[in-house]
Amino acid sequence: MESRIVIVANGFSRQNVRLQPWRYLYEIARRLATRATLTVLTEGPAEAEEKRWPEGFTVVSTNCLSVRRQELLGRLISGYEATQIWWSVTPRSIAYRGLLRSLAGDKYALITCPLYSYRQLFRASRAGVPFDELRALWQQRLIPRRAFSRFLGSGIFRKVFVQSEANREVLLNAAVPESRLALLRVGIDAEDRGRSVPVNDESERVEGASGSDGKLTVLYFGAVRRIRGYHALVNAFGIVAGATDNARLRILARGATNDELTRLRAGIESRGLAGKVDLVGGWLTREQVWDEIERSDIVALPFVIVPSDIPIAILEAMARGKPVVGSPVDGIPELIEGRGVVADPLDEKALAGAILSLLRDRKRRVRLGNNARAFMEAYPDWDAVGRHALAEAGLA
């Protein structure tokens, strides 16, 4: 019998497939499509508008994904005669419990969001993270954890996929059966492993991470948002700059316009950091970002909250042999402990201390960077993630 798979994924679009969590769903879809007829359902204005993607699957934009139109959604899914249904699940997905029970075929849940505590979300709010950046996470957390765990463990899903050990532990502690849970990591591109080679403690890097003036470079890259810890990092770097003259902070402010850069520079100057912080806006190519990572000494990505479980930026930095200063949220510690430093971004002195400890200890930087590179050599690329998904689905 021919395998037919339907994936239900809000927000899935050509514009989003380089962003999490849709990147994760996209890469899995690409691999599943090699073994089955695959259809992705996402929201749109029409009842069902189909587009065939060159990757080998069909994307259907539909206005039937709302809770109030579940009956129509059920008919749409049944019309594709799905033998398997893969659902991008958040706690709010419990509203579809009845529909999922009624549908034929094996069901797989893809947990594509972190499962935060109330304390973590309140703390982020008090730290100034705008509500718009936390809205979806609050909506998910307001669903009682016990109700969500019963939903996942009820037998509806053949398997529940999580991206991190942290989420796996949350669900295990909420009494989701271990036999239902499977770790399906966020992958990396093969080329993300980079050209980094192990560094000898007694040698200098050929392509020096230090700036042309000999200063050590702390690199931040990504959108400039409070949720990503940008403001916390700049404040902490003020402490770093007061303790050493041998450091610079380089910020790759993804997508920032000239007006935004002007405001950011004003904020940097108001902290007395003019000449100590480099700011680059606009859109860099992947190759340019890789080169910036290679030339840095430390990568600092102190997320206050991670919106999409595993930040690919951290994986990219580690793959190029860089120690990462990251935060104690979601799946970050399991990635960087022993390969970087975990520091609370809302404790500016602690964050500054973590950065300073690495800047002042080259041997430690080298050791952690080499550990990171070695870890990423064994870390799954997207093809390996796809093979794992196919095996779990019985399609390998």
# chains A, B, ... in the order shown; residues from 1 in each chain; ligands from 1

$ residues_around --residues "range 158-172 of chain A" --least-positions-apart "3" --cutoff "8 Å" --atoms "only C-alpha atoms" --output "tab-separated table (two decimals) with C-alpha atoms, in the first residue's frame"
chain	number	residue	atom	x	y	z
A	106	ASP	CA	-1.05	6.57	12.54
A	107	LYS	CA	-0.51	9.95	14.19
A	108	TYR	CA	2.81	11.52	15.14
A	109	ALA	CA	3.20	14.61	17.32
A	110	LEU	CA	6.04	17.02	16.63
A	111	ILE	CA	6.63	19.25	19.67
A	112	THR	CA	8.05	22.39	18.10
A	114	PRO	CA	9.62	24.93	24.44
A	115	LEU	CA	7.58	23.99	27.50
A	149	SER	CA	0.35	15.44	29.15
A	152	LEU	CA	0.01	13.26	24.57
A	155	GLY	CA	-2.82	6.78	22.80
A	175	ALA	CA	3.66	11.34	33.25
A	176	VAL	CA	3.83	10.98	29.47
A	177	PRO	CA	4.94	7.34	28.95
A	178	GLU	CA	8.61	7.06	28.05
A	180	ARG	CA	5.82	7.30	23.47
A	181	LEU	CA	8.64	9.86	23.53
A	182	ALA	CA	11.44	10.09	20.97
A	183	LEU	CA	14.23	12.65	20.70
A	184	LEU	CA	14.35	14.01	17.15
A	185	ARG	CA	17.00	16.73	17.16
A	186	VAL	CA	17.15	19.92	15.19
A	309	ASP	CA	13.41	25.13	21.36
A	310	ILE	CA	16.91	24.74	19.84
A	330	ASP	CA	15.26	25.05	27.39
A	331	GLY	CA	17.74	22.85	25.48
A	334	GLU	CA	22.56	20.29	27.24

$ select_by_dssp --residues "range 119-210 of chain A" --states "strand (DSSP E or B)" --output "NGL selection string"
:A and (159-162 or 181-183 or 188)

$ write_last_selection --atoms "N, CA and C atoms" --output "PDB file, in the first residue's frame"
ATOM      1  N   LYS A 159       3.781   8.189  18.331  1.00  0.00           N
ATOM      2  CA  LYS A 159       5.054   8.680  18.847  1.00  0.00           C
ATOM      3  C   LYS A 159       4.956  10.193  19.032  1.00  0.00           C
ATOM      4  N   VAL A 160       5.608  10.688  20.089  1.00  0.00           N
ATOM      5  CA  VAL A 160       5.699  12.121  20.359  1.00  0.00           C
ATOM      6  C   VAL A 160       7.169  12.512  20.232  1.00  0.00           C
ATOM      7  N   PHE A 161       7.481  13.360  19.264  1.00  0.00           N
ATOM      8  CA  PHE A 161       8.857  13.779  19.014  1.00  0.00           C
ATOM      9  C   PHE A 161       9.154  15.078  19.749  1.00  0.00           C
ATOM     10  N   VAL A 162      10.277  15.113  20.435  1.00  0.00           N
ATOM     11  CA  VAL A 162      10.750  16.339  21.075  1.00  0.00           C
ATOM     12  C   VAL A 162      12.141  16.655  20.534  1.00  0.00           C
ATOM     13  N   LEU A 181       7.789   8.701  23.787  1.00  0.00           N
ATOM     14  CA  LEU A 181       8.639   9.860  23.526  1.00  0.00           C
ATOM     15  C   LEU A 181       9.869   9.470  22.718  1.00  0.00           C
ATOM     16  N   ALA A 182      10.222  10.309  21.772  1.00  0.00           N
ATOM     17  CA  ALA A 182      11.438  10.092  20.974  1.00  0.00           C
ATOM     18  C   ALA A 182      12.119  11.432  20.762  1.00  0.00           C
ATOM     19  N   LEU A 183      13.445  11.437  20.933  1.00  0.00           N
ATOM     20  CA  LEU A 183      14.230  12.649  20.702  1.00  0.00           C
ATOM     21  C   LEU A 183      14.575  12.739  19.223  1.00  0.00           C
ATOM     22  N   ILE A 188      21.621  20.237  11.377  1.00  0.00           N
ATOM     23  CA  ILE A 188      22.394  21.306  10.751  1.00  0.00           C
ATOM     24  C   ILE A 188      22.654  20.916   9.301  1.00  0.00           C
TER      25      ILE A 188
END

$ residues_around --residues "Phe151 in chain A" --least-positions-apart "3" --cutoff "8 Å" --atoms "only C-alpha atoms" --output "CSV table (one decimal) with N, CA and C atoms, in the first residue's frame"
chain,number,residue,atom,x,y,z
A,94,ILE,N,-4.6,20.5,22.1
A,94,ILE,CA,-5.6,19.6,22.8
A,94,ILE,C,-7.0,19.9,22.3
A,97,ARG,N,-8.4,17.3,20.0
A,97,ARG,CA,-8.3,15.9,20.4
A,97,ARG,C,-9.4,15.0,19.7
A,147,ALA,N,-3.3,18.5,31.6
A,147,ALA,CA,-4.2,18.2,30.5
A,147,ALA,C,-3.4,17.9,29.2
A,148,PHE,N,-2.3,18.7,29.0
A,148,PHE,CA,-1.5,18.5,27.8
A,148,PHE,C,-0.8,17.1,27.9
A,154,SER,N,-2.4,9.7,25.7
A,154,SER,CA,-3.7,9.1,25.7
A,154,SER,C,-3.8,7.9,24.7
A,156,ILE,N,-3.5,8.6,21.4
A,156,ILE,CA,-3.8,9.2,20.0
A,156,ILE,C,-2.6,9.1,19.1

$ closest_residue --among "A:Val218, A:Ala29, A:Val67, A:Ala36" --to "Phe12 in chain A" --atoms "only C-alpha atoms"
A:Ala29

$ closest_residue --among "A:Ala393, A:Ala352, A:Ile332, A:Ala174" --to "Gly242 in chain A" --atoms "only C-alpha atoms"
A:Ala352

$ atom_distance --atom1 "CA of Gln139 in chain A" --atom2 "CA of Arg226 in chain A"
19.3 Å

$ residues_around --residues "Pro130 in chain A" --least-positions-apart "5" --cutoff "10 Å" --atoms "only C-alpha atoms" --output "list in words"
Ala124, Ser125, Arg135, Arg225, Arg226 and Ile227 of chain A

$ atom_distance --atom1 "CA of Arg271 in chain A" --atom2 "CA of Val341 in chain A"
25.1 Å

$ atom_distance --atom1 "CA of Cys113 in chain A" --atom2 "CA of Glu55 in chain A"
25.0 Å

$ residues_around --residues "Ser13 in chain A" --least-positions-apart "2" --cutoff "12 Å" --atoms "only C-alpha atoms" --output "PyMOL selection string"
chain A and resi 9-11+15-23+25-26+40-44+51+53+58-61

$ write_last_selection --atoms "N, CA and C atoms" --output "PDB file, in the first residue's frame"
ATOM      1  N   ALA A   9       0.768  22.018   9.816  1.00  0.00           N
ATOM      2  CA  ALA A   9       1.787  22.940  10.339  1.00  0.00           C
ATOM      3  C   ALA A   9       1.380  24.383  10.073  1.00  0.00           C
ATOM      4  N   ASN A  10       0.874  25.057  11.101  1.00  0.00           N
ATOM      5  CA  ASN A  10       0.546  26.474  10.971  1.00  0.00           C
ATOM      6  C   ASN A  10       1.794  27.282  10.645  1.00  0.00           C
ATOM      7  N   GLY A  11       1.641  28.271   9.761  1.00  0.00           N
ATOM      8  CA  GLY A  11       2.741  29.188   9.473  1.00  0.00           C
ATOM      9  C   GLY A  11       3.754  28.703   8.460  1.00  0.00           C
ATOM     10  N   GLN A  15       8.544  31.547   2.625  1.00  0.00           N
ATOM     11  CA  GLN A  15       9.299  32.622   3.260  1.00  0.00           C
ATOM     12  C   GLN A  15       9.860  32.206   4.617  1.00  0.00           C
ATOM     13  N   ASN A  16       9.260  31.195   5.246  1.00  0.00           N
ATOM     14  CA  ASN A  16       9.630  30.846   6.620  1.00  0.00           C
ATOM     15  C   ASN A  16      10.566  29.654   6.754  1.00  0.00           C
ATOM     16  N   VAL A  17      10.862  28.972   5.664  1.00  0.00           N
ATOM     17  CA  VAL A  17      11.528  27.678   5.812  1.00  0.00           C
ATOM     18  C   VAL A  17      13.000  27.766   6.252  1.00  0.00           C
ATOM     19  N   ARG A  18      13.536  28.991   6.368  1.00  0.00           N
ATOM     20  CA  ARG A  18      14.872  29.128   6.954  1.00  0.00           C
ATOM     21  C   ARG A  18      14.791  29.492   8.433  1.00  0.00           C
ATOM     22  N   LEU A  19      13.576  29.638   8.946  1.00  0.00           N
ATOM     23  CA  LEU A  19      13.376  30.041  10.330  1.00  0.00           C
ATOM     24  C   LEU A  19      12.788  28.890  11.131  1.00  0.00           C
ATOM     25  N   GLN A  20      13.129  28.869  12.419  1.00  0.00           N
ATOM     26  CA  GLN A  20      12.526  27.884  13.309  1.00  0.00           C
ATOM     27  C   GLN A  20      11.140  28.371  13.753  1.00  0.00           C
ATOM     28  N   PRO A  21      10.178  27.430  13.970  1.00  0.00           N
ATOM     29  CA  PRO A  21      10.308  25.972  13.890  1.00  0.00           C
ATOM     30  C   PRO A  21      10.043  25.386  12.508  1.00  0.00           C
ATOM     31  N   TRP A  22       9.756  26.269  11.539  1.00  0.00           N
ATOM     32  CA  TRP A  22       9.369  25.756  10.220  1.00  0.00           C
ATOM     33  C   TRP A  22      10.534  25.098   9.498  1.00  0.00           C
ATOM     34  N   ARG A  23      11.763  25.532   9.820  1.00  0.00           N
ATOM     35  CA  ARG A  23      12.921  24.861   9.216  1.00  0.00           C
ATOM     36  C   ARG A  23      12.923  23.379   9.587  1.00  0.00           C
ATOM     37  N   LEU A  25      10.359  21.507  10.457  1.00  0.00           N
ATOM     38  CA  LEU A  25       9.263  20.819   9.767  1.00  0.00           C
ATOM     39  C   LEU A  25       9.578  20.629   8.285  1.00  0.00           C
ATOM     40  N   TYR A  26      10.171  21.642   7.694  1.00  0.00           N
ATOM     41  CA  TYR A  26      10.527  21.588   6.272  1.00  0.00           C
ATOM     42  C   TYR A  26      11.531  20.485   5.990  1.00  0.00           C
ATOM     43  N   VAL A  40       1.425  18.997   2.924  1.00  0.00           N
ATOM     44  CA  VAL A  40       1.526  19.861   4.099  1.00  0.00           C
ATOM     45  C   VAL A  40       0.337  20.809   4.101  1.00  0.00           C
ATOM     46  N   LEU A  41      -0.402  20.821   5.206  1.00  0.00           N
ATOM     47  CA  LEU A  41      -1.526  21.743   5.353  1.00  0.00           C
ATOM     48  C   LEU A  41      -1.102  22.921   6.213  1.00  0.00           C
ATOM     49  N   THR A  42      -1.321  24.124   5.715  1.00  0.00           N
ATOM     50  CA  THR A  42      -1.018  25.334   6.465  1.00  0.00           C
ATOM     51  C   THR A  42      -2.140  26.328   6.234  1.00  0.00           C
ATOM     52  N   GLU A  43      -2.167  27.402   7.026  1.00  0.00           N
ATOM     53  CA  GLU A  43      -3.307  28.306   6.922  1.00  0.00           C
ATOM     54  C   GLU A  43      -3.204  29.188   5.687  1.00  0.00           C
ATOM     55  N   GLY A  44      -4.373  29.587   5.192  1.00  0.00           N
ATOM     56  CA  GLY A  44      -4.458  30.446   4.022  1.00  0.00           C
ATOM     57  C   GLY A  44      -5.881  30.924   3.855  1.00  0.00           C
ATOM     58  N   LYS A  51      -0.263  23.934  -3.983  1.00  0.00           N
ATOM     59  CA  LYS A  51       0.936  24.285  -4.747  1.00  0.00           C
ATOM     60  C   LYS A  51       1.937  23.154  -4.621  1.00  0.00           C
ATOM     61  N   TRP A  53       5.550  21.927  -4.574  1.00  0.00           N
ATOM     62  CA  TRP A  53       6.894  22.452  -4.363  1.00  0.00           C
ATOM     63  C   TRP A  53       7.906  21.553  -5.066  1.00  0.00           C
ATOM     64  N   THR A  58       3.399  18.590  -1.770  1.00  0.00           N
ATOM     65  CA  THR A  58       2.381  19.585  -2.048  1.00  0.00           C
ATOM     66  C   THR A  58       2.057  20.359  -0.783  1.00  0.00           C
ATOM     67  N   VAL A  59       1.978  21.676  -0.898  1.00  0.00           N
ATOM     68  CA  VAL A  59       1.582  22.531   0.217  1.00  0.00           C
ATOM     69  C   VAL A  59       0.181  23.056  -0.062  1.00  0.00           C
ATOM     70  N   VAL A  60      -0.705  22.844   0.878  1.00  0.00           N
ATOM     71  CA  VAL A  60      -2.100  23.254   0.736  1.00  0.00           C
ATOM     72  C   VAL A  60      -2.394  24.366   1.734  1.00  0.00           C
ATOM     73  N   SER A  61      -2.708  25.546   1.236  1.00  0.00           N
ATOM     74  CA  SER A  61      -3.132  26.650   2.093  1.00  0.00           C
ATOM     75  C   SER A  61      -4.638  26.551   2.283  1.00  0.00           C
TER      76      SER A  61
END

$ residues_around --residues "Leu142 in chain A" --least-positions-apart "3" --cutoff "10 Å" --atoms "only C-alpha atoms" --output "compact mmCIF listing (two decimals) with C-alpha atoms, in the first residue's frame"
# COMPACT_ATOMS: atom_id res chain seq x y z
CA PRO A 91 -0.41 22.65 24.25
CA ARG A 92 -3.26 24.40 22.43
CA TYR A 118 5.15 30.20 34.71
CA LEU A 137 4.36 31.02 24.79
CA TRP A 138 1.91 32.45 27.34
CA GLN A 139 -1.05 31.09 25.38
CA ARG A 145 0.37 20.90 31.86

$ residues_around --residues "Ala82 in chain A" --least-positions-apart "6" --cutoff "12 Å" --atoms "only C-alpha atoms" --output "ChimeraX atom specification"
/A:1-8,36-40,74-76,103-107

$ closest_residue --among "A:Asp245, A:Asp383, A:Glu294, A:Asp192" --to "Lys215 in chain A" --atoms "only C-alpha atoms"
A:Asp245
